[in-house]
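K.L.:
I'm passing along data.cif; it holds mmCIF, C-alpha atoms.
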```
data_target
#
loop_
_atom_site.label_atom_id
_atom_site.label_comp_id
_atom_site.auth_asym_id
_atom_site.auth_seq_id
_atom_site.Cartn_x
_atom_site.Cartn_y
_atom_site.Cartn_z
CA MET F 7 8.00 -11.03 -5.46
CA ALA F 8 7.04 -7.68 -7.01
CA LYS F 9 9.57 -6.17 -9.35
CA ARG F 10 11.30 -3.17 -7.82
CA LYS F 11 10.91 0.13 -9.65
CA GLN F 12 13.89 1.60 -11.46
CA THR F 13 15.56 4.31 -9.43
CA GLY F 14 16.39 7.67 -10.95
CA LYS F 15 19.84 9.23 -11.09
CA PRO F 16 20.10 11.46 -8.01
CA ARG F 17 21.02 15.12 -8.19
CA ILE F 18 21.83 17.70 -5.54
CA VAL F 19 19.16 20.43 -5.49
CA ALA F 20 20.20 22.35 -2.34
CA ARG F 21 23.33 22.79 -0.24
CA ALA F 22 23.89 24.66 3.03
CA LYS F 23 25.97 24.75 6.20
CA LEU F 24 24.57 22.81 9.19
CA PRO F 25 26.10 23.61 12.60
CA THR F 26 24.89 21.14 15.25
CA ARG F 27 25.78 20.03 18.78
CA PHE F 28 27.49 17.04 17.14
CA GLY F 29 29.75 19.21 14.97
CA ASN F 30 29.68 21.31 11.83
CA PHE F 31 28.27 19.63 8.74
CA GLU F 32 27.05 20.42 5.26
CA ILE F 33 23.45 19.46 4.45
CA LEU F 34 22.44 18.47 0.93
CA GLY F 35 18.94 18.12 -0.51
CA ILE F 36 18.85 15.28 -3.04
CA GLU F 37 16.18 14.26 -5.53
CA GLY F 38 15.86 11.33 -7.92
CA ARG F 39 13.03 10.10 -10.13
CA GLY F 40 9.77 11.64 -8.95
CA PRO F 41 8.60 12.84 -5.50
CA SER F 42 9.09 9.46 -3.82
CA GLU F 43 12.86 9.61 -4.33
CA THR F 44 14.18 12.28 -2.00
CA ALA F 45 16.83 12.24 0.68
CA VAL F 46 18.95 14.48 2.86
CA ALA F 47 22.69 13.96 3.13
CA VAL F 48 24.51 15.33 6.17
CA VAL F 49 28.19 15.45 5.21
CA LYS F 50 31.29 15.89 7.36
CA GLY F 51 34.46 16.87 5.55
CA ASN F 52 34.99 16.09 1.88
CA GLY F 53 33.39 12.81 0.84
CA ARG F 54 35.20 12.60 -2.49
CA ARG F 55 38.60 13.28 -0.94
CA ALA F 56 37.91 10.71 1.76
CA ALA F 57 36.83 8.12 -0.79
CA SER F 58 40.15 8.41 -2.63
CA LYS F 59 42.12 7.57 0.54
CA ASN F 60 39.97 5.98 3.23
CA ALA F 61 36.44 4.66 3.43
CA PRO F 62 34.24 7.37 5.00
CA LEU F 63 31.97 6.52 7.94
CA VAL F 64 28.39 6.27 6.64
CA ARG F 65 24.99 5.89 8.26
CA ILE F 66 21.80 5.30 6.24
CA HIS F 67 18.96 6.29 8.56
CA SER F 68 15.27 5.76 7.86
CA GLN F 69 12.95 8.55 9.00
CA CYS F 70 11.07 7.84 12.24
CA LEU F 71 8.78 10.66 13.30
CA THR F 72 7.80 8.99 16.57
CA GLY F 73 11.38 8.22 17.55
CA ASP F 74 13.50 10.95 15.94
CA ILE F 75 11.10 13.83 16.69
CA LEU F 76 8.79 12.71 19.52
CA ALA F 77 11.46 10.75 21.44
CA SER F 78 9.41 7.53 21.51
CA GLU F 79 11.02 4.69 23.42
CA ARG F 80 9.18 2.00 21.42
CA CYS F 81 12.25 1.90 19.12
CA ASP F 82 15.94 2.79 19.12
CA CYS F 83 15.76 5.16 16.13
CA ARG F 84 16.53 8.45 17.88
CA ALA F 85 19.34 6.85 19.87
CA GLN F 86 20.86 5.47 16.65
CA LEU F 87 20.51 8.83 14.88
CA GLU F 88 22.25 10.77 17.64
CA TYR F 89 24.89 8.06 18.09
CA SER F 90 25.65 8.15 14.35
CA LEU F 91 25.86 11.94 14.16
CA SER F 92 28.22 11.90 17.13
CA LYS F 93 30.48 9.28 15.53
CA ILE F 94 30.47 10.99 12.13
CA GLY F 95 31.05 14.38 13.76
CA LYS F 96 34.23 13.03 15.32
CA SER F 97 35.46 11.54 12.04
CA PRO F 98 37.48 13.43 9.40
CA HIS F 99 34.94 12.50 6.73
CA GLY F 100 31.50 10.94 6.88
CA ILE F 101 27.96 10.93 5.53
CA LEU F 102 24.55 10.43 7.11
CA LEU F 103 21.74 9.79 4.63
CA TYR F 104 18.26 10.51 6.00
CA LEU F 105 15.56 8.77 3.98
CA PRO F 106 11.72 9.02 4.01
CA GLN F 107 11.23 5.30 4.73
CA GLU F 108 8.93 5.52 7.75
CA GLY F 109 8.01 2.22 9.38
CA ARG F 110 10.60 0.19 7.44
CA GLY F 111 9.09 1.53 4.23
CA ILE F 112 5.32 1.20 4.90
CA GLY F 113 4.63 4.88 5.63
CA LEU F 114 3.59 6.79 8.73
CA MET F 115 -0.14 5.97 8.78
CA ASN F 116 0.50 2.26 8.30
CA LYS F 117 3.17 2.39 10.98
CA LEU F 118 0.64 3.82 13.42
CA LYS F 119 -1.77 1.04 12.47
CA ALA F 120 1.06 -1.40 13.20
CA TYR F 121 1.53 0.27 16.60
CA GLU F 122 -2.13 -0.40 17.34
CA LEU F 123 -1.64 -4.09 16.52
CA GLN F 124 1.48 -4.16 18.69
CA ASP F 125 -0.52 -2.75 21.60
CA ALA F 126 -2.81 -5.75 21.14
CA GLY F 127 0.10 -8.17 21.51
CA MET F 128 1.86 -8.49 18.14
CA ASP F 129 5.54 -7.72 17.56
CA THR F 130 6.70 -5.36 14.79
CA VAL F 131 7.18 -8.11 12.20
CA GLU F 132 3.80 -9.73 12.90
CA ALA F 133 2.04 -6.36 12.73
CA ASN F 134 3.58 -5.40 9.37
CA ARG F 135 2.63 -8.77 7.90
CA LYS F 136 -0.91 -8.54 9.29
CA LEU F 137 -1.26 -5.28 7.37
CA GLY F 138 -0.12 -7.00 4.17
CA PHE F 139 3.48 -5.75 4.07
CA ALA F 140 6.85 -7.45 4.19
CA ALA F 141 8.64 -7.42 7.52
CA ASP F 142 11.00 -4.84 5.98
CA SER F 143 10.01 -3.12 2.72
CA ARG F 144 13.04 -0.83 2.37
CA ASP F 145 15.08 -0.61 -0.83
CA TYR F 146 18.61 0.81 -0.63
CA ARG F 147 19.43 1.17 -4.33
CA PHE F 148 18.67 4.91 -4.30
CA SER F 149 20.93 5.25 -1.25
CA ALA F 150 23.70 3.50 -3.16
CA GLU F 151 23.32 5.90 -6.08
CA ILE F 152 23.56 8.87 -3.70
CA LEU F 153 26.75 7.49 -2.15
CA LYS F 154 28.23 7.09 -5.64
CA LEU F 155 27.21 10.68 -6.47
CA LEU F 156 29.09 11.82 -3.36
CA GLY F 157 32.15 9.80 -4.36
CA ALA F 158 31.72 7.16 -1.64
CA ARG F 159 31.91 3.81 -3.44
CA ARG F 160 33.76 2.22 -0.51
CA VAL F 161 32.43 2.94 2.98
CA ARG F 162 32.49 1.97 6.64
CA LEU F 163 28.81 1.42 7.35
CA LEU F 164 27.23 2.15 10.74
CA SER F 165 24.58 -0.59 10.79
CA ASN F 166 23.39 -3.76 12.50
CA ASN F 167 21.36 -4.83 9.45
CA PRO F 168 22.89 -7.52 7.18
CA ASP F 169 20.24 -6.90 4.50
CA LYS F 170 21.33 -3.27 4.23
CA VAL F 171 24.93 -4.42 3.75
CA LYS F 172 23.91 -6.92 1.07
CA GLN F 173 21.70 -4.48 -0.84
CA LEU F 174 24.43 -1.83 -0.93
CA GLU F 175 27.05 -4.35 -2.05
CA ASP F 176 24.69 -5.61 -4.77
CA ALA F 177 24.20 -1.99 -5.91
CA GLY F 178 27.93 -1.39 -6.29
CA VAL F 179 28.96 0.14 -2.94
CA HIS F 180 31.71 -1.83 -1.21
CA ILE F 181 31.33 -2.17 2.56
CA ALA F 182 34.89 -2.05 3.84
CA GLU F 183 33.67 -2.50 7.41
CA ARG F 184 30.34 -2.90 9.16
CA VAL F 185 30.54 -0.74 12.26
CA PRO F 186 28.02 -1.70 15.01
CA CYS F 187 25.38 0.95 15.72
CA GLN F 188 24.12 -0.07 19.15
CA PRO F 189 23.79 2.88 21.53
CA GLU F 190 22.35 2.58 25.00
CA THR F 191 18.55 2.41 24.93
CA SER F 192 15.71 2.19 27.42
CA ASP F 193 14.24 -1.04 28.77
CA THR F 194 11.03 -0.15 26.91
CA SER F 195 12.67 -0.83 23.52
CA ARG F 196 14.23 -4.17 24.53
CA ALA F 197 11.43 -6.36 23.11
CA TYR F 198 11.58 -4.37 19.85
CA LEU F 199 15.33 -4.97 19.63
CA ARG F 200 14.94 -8.68 20.34
CA THR F 201 12.47 -8.91 17.44
CA LYS F 202 14.97 -7.20 15.13
CA LYS F 203 17.62 -9.69 16.21
CA ASN F 204 15.52 -12.87 16.18
CA LYS F 205 13.25 -12.24 13.20
CA LEU F 206 15.17 -9.80 10.99
CA GLY F 207 18.69 -11.06 11.63
CA HIS F 208 20.08 -7.78 12.98
CA ILE F 209 23.45 -8.20 14.70
CA LEU F 210 22.85 -7.03 18.27
CA ALA F 211 24.93 -7.93 21.29
CA GLY F 212 23.64 -8.54 24.80
CA LEU F 213 20.02 -9.39 23.97
#
```
Could I get this structure in the form of structure tokens?

P.N.:
Amino acid sequence: MAKRKQTGKPRIVARAKLPTRFGNFEILGIEGRGPSETAVAVVKGNGRRAASKNAPLVRIHSQCLTGDILASERCDCRAQLEYSLSKIGKSPHGILLYLPQEGRGIGLMNKLKAYELQDAGMDTVEANRKLGFAADSRDYRFSAEILKLLGARRVRLLSNNPDKVKQLEDAGVHIAERVPCQPETSDTSRAYLRTKKNKLGHILAGL
């Protein structure tokens, strides 16, 4: 297994108000070591104050241009993003981290190549491996450092992904509760969700 690169200490480089249909948030631009380590944090309430009393509700969301922006029904990404913003917007304190990890970390062009293989009959895991990548190439250590920067060392995590939970715990963020993130989705994405459950170990009910 290739050695993972050392992550840089994150810093906040921009901060602004973000009114949305899900509520009023603050948006933070965050950078780490080099151009590959960037993220956006959408914050509800005061993360540090919440961390001292209760575990804030947190979602770590990987960028998905086709789902988040183009409303693709091949995946459940947009549904999860909107579901998470709605839940966090209704909470006293919460954080959504938005990370440039397109295609489970393989990048947009490779993801589109994987789509082409899927159209020929492969599932998402098979397609990524055919292209020479792991089934899931994402690394959550930079996310953990951002949460620590924001004072959230103990969180309630909106996720169905046990590997995300493990990586964050290993990086020093305690998961007080794993909160299911399973919004209603279209029938088109059902095979994709079954693959996540059966081959990646995601905890998904009713599939």

K.L.:
Show me, as a PyMOL selection string, the residues that have an atom within 12 Å of Leu210 (chain F) when counting all atoms listed in the file, minus same-chain residues fewer than 2 positions from it.

P.N.:
chain F and resi 165-168+185-190+196+198-204+206-208+212-213

K.L.:
The centre and edge lengths of an axis-aligned box containing all atoms of region 42-51 of chain F present in the file, extended by 3 Å on each side, are to be given in Å to one decimal, as AutoDock Vina command-line options.

P.N.:
```
--center_x 21.8 --center_y 13.2 --center_z 1.5 --size_x 31.4 --size_y 13.4 --size_z 17.7
```

K.L.:
Need to verify the contact set: Lys136 (chain F), 9 Å, all atoms listed in the file, exclusion of same-chain residues closer than 3 positions in sequence. Can you return it as an MDAnalysis selection string?

P.N.:
chainID F and resid 120 123 131:133 139

K.L.:
Determine the nearest neighbour of Leu118 (chain F) from the options F:Lys205, F:Leu137, F:Arg39, F:Thr191, counting all atoms listed in the file.

P.N.:
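Looking only at the distances to Leu118 (chain F), the closest residue turns out to be F:Leu137.
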
K.L.:
Taking the file above as input, evaluate the PyMOL selection byres ((chain F and resi 104) around 9) and report the hits as an mmCIF file with C-alpha atoms, in the frame of the given file.

P.N.:
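Generated output (expr-v4.cif):
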```cif
data_model
loop_
_atom_site.group_PDB
_atom_site.id
_atom_site.type_symbol
_atom_site.label_atom_id
_atom_site.label_comp_id
_atom_site.auth_asym_id
_atom_site.auth_seq_id
_atom_site.Cartn_x
_atom_site.Cartn_y
_atom_site.Cartn_z
ATOM 1 C CA ALA F 45 16.830 12.240 0.680
ATOM 2 C CA VAL F 46 18.950 14.480 2.860
ATOM 3 C CA ALA F 47 22.690 13.960 3.130
ATOM 4 C CA VAL F 48 24.510 15.330 6.170
ATOM 5 C CA ARG F 65 24.990 5.890 8.260
ATOM 6 C CA ILE F 66 21.800 5.300 6.240
ATOM 7 C CA HIS F 67 18.960 6.290 8.560
ATOM 8 C CA SER F 68 15.270 5.760 7.860
ATOM 9 C CA GLN F 69 12.950 8.550 9.000
ATOM 10 C CA LEU F 102 24.550 10.430 7.110
ATOM 11 C CA LEU F 103 21.740 9.790 4.630
ATOM 12 C CA LEU F 105 15.560 8.770 3.980
ATOM 13 C CA PRO F 106 11.720 9.020 4.010
ATOM 14 C CA GLN F 107 11.230 5.300 4.730
#
```

K.L.:
Taking into account all atoms listed in the file, which residue in the set F:Ala197, F:Val161, F:Val19, F:Met115 is nearest to Gly38 (chain F)?

P.N.:
F:Val19

K.L.:
Can you list, as a PyMOL selection string, the residues that the PyMOL selection byres ((chain F and resi 194) around 7) selects here?

P.N.:
chain F and resi 79-80+192-193+195-196

K.L.:
Considering only C-alpha atoms, can you say which of F:Asp145, F:Lys23, F:Lys154, F:Arg159 comes closest to Gln173 (chain F)?

P.N.:
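Going through F:Asp145, F:Lys23, F:Lys154, F:Arg159 one by one, the smallest distance to Gln173 (chain F) is for F:Asp145.
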
K.L.:
Within 10 Å of Leu71 (chain F), counting all atoms listed in the file, which residues show up once you throw out same-chain ones fewer than 2 positions away? Write them as a list in words, please.

P.N.:
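Listing them by chain and then by number gives Ser68, Gln69, Gly73, Asp74, Ile75, Leu76, Ala77, Ser78, Cys83, Arg84, Pro106, Glu108, Gly109 and Leu114 of chain F.
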
K.L.:
For Leu63 (chain F), which of F:Leu91, F:Ala20, F:Ala141, F:Leu34 is the closest residue, counting all atoms listed in the file?

P.N.:
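Closest to Leu63 (chain F) of all the choices is F:Leu91.
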
K.L.:
Within 7 Å of (24.1, 9.2, -11.1) in the file's own coordinates, which protein, DNA or RNA residues have an atom, counting all atoms listed in the file? List them as a ChimeraX atom specification.

P.N.:
/F:15-16,151,155

K.L.:
Restricting the calculation to all atoms listed in the file: of F:Met128, F:Ala85, F:Ile152, F:Ala177, which residue gets closest to Gly35 (chain F)?

P.N.:
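For Gly35 (chain F), the nearest of the candidates is F:Ile152.
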
K.L.:
So the first atom is CA of Asn30 (chain F) and the second is CA of Lys50 (chain F); what is the distance between them in Å, to one decimal place?

P.N.:
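So the answer is 7.2 Å.
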
K.L.:
Work out how far apart CA of Lys96 (chain F) and CA of Gly29 (chain F) are and give it in Å to one decimal.

P.N.:
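Result for CA of Lys96 (chain F) versus CA of Gly29 (chain F): 7.6 Å, one decimal.
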
K.L.:
So, counting only C-alpha atoms, which residue among F:Leu156, F:Asn116, F:Pro62, F:Lys93 is closest to Ile18 (chain F)?

P.N.:
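Closest to Ile18 (chain F), using only C-alpha atoms: F:Leu156.
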
K.L.:
How many Å separate CA of Pro98 (chain F) from CA of Val64 (chain F)?

P.N.:
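Taking CA of Pro98 (chain F) and CA of Val64 (chain F), their separation equals 11.9 Å.
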
K.L.:
Check what the PyMOL selection byres ((chain F and resi 144) around 8) selects in the file above and give those residues as a ChimeraX atom specification.

P.N.:
/F:107,110-111,142-143,145-146

K.L.:
Leaving out region 181-183 of chain F and any residue of its chain fewer than 6 positions from it, which residues lie within 7 Å of it when counting all atoms listed in the file, given as JSON, numbers by chain?

P.N.:
{"F": [61, 160, 161, 162, 163, 171, 175]}
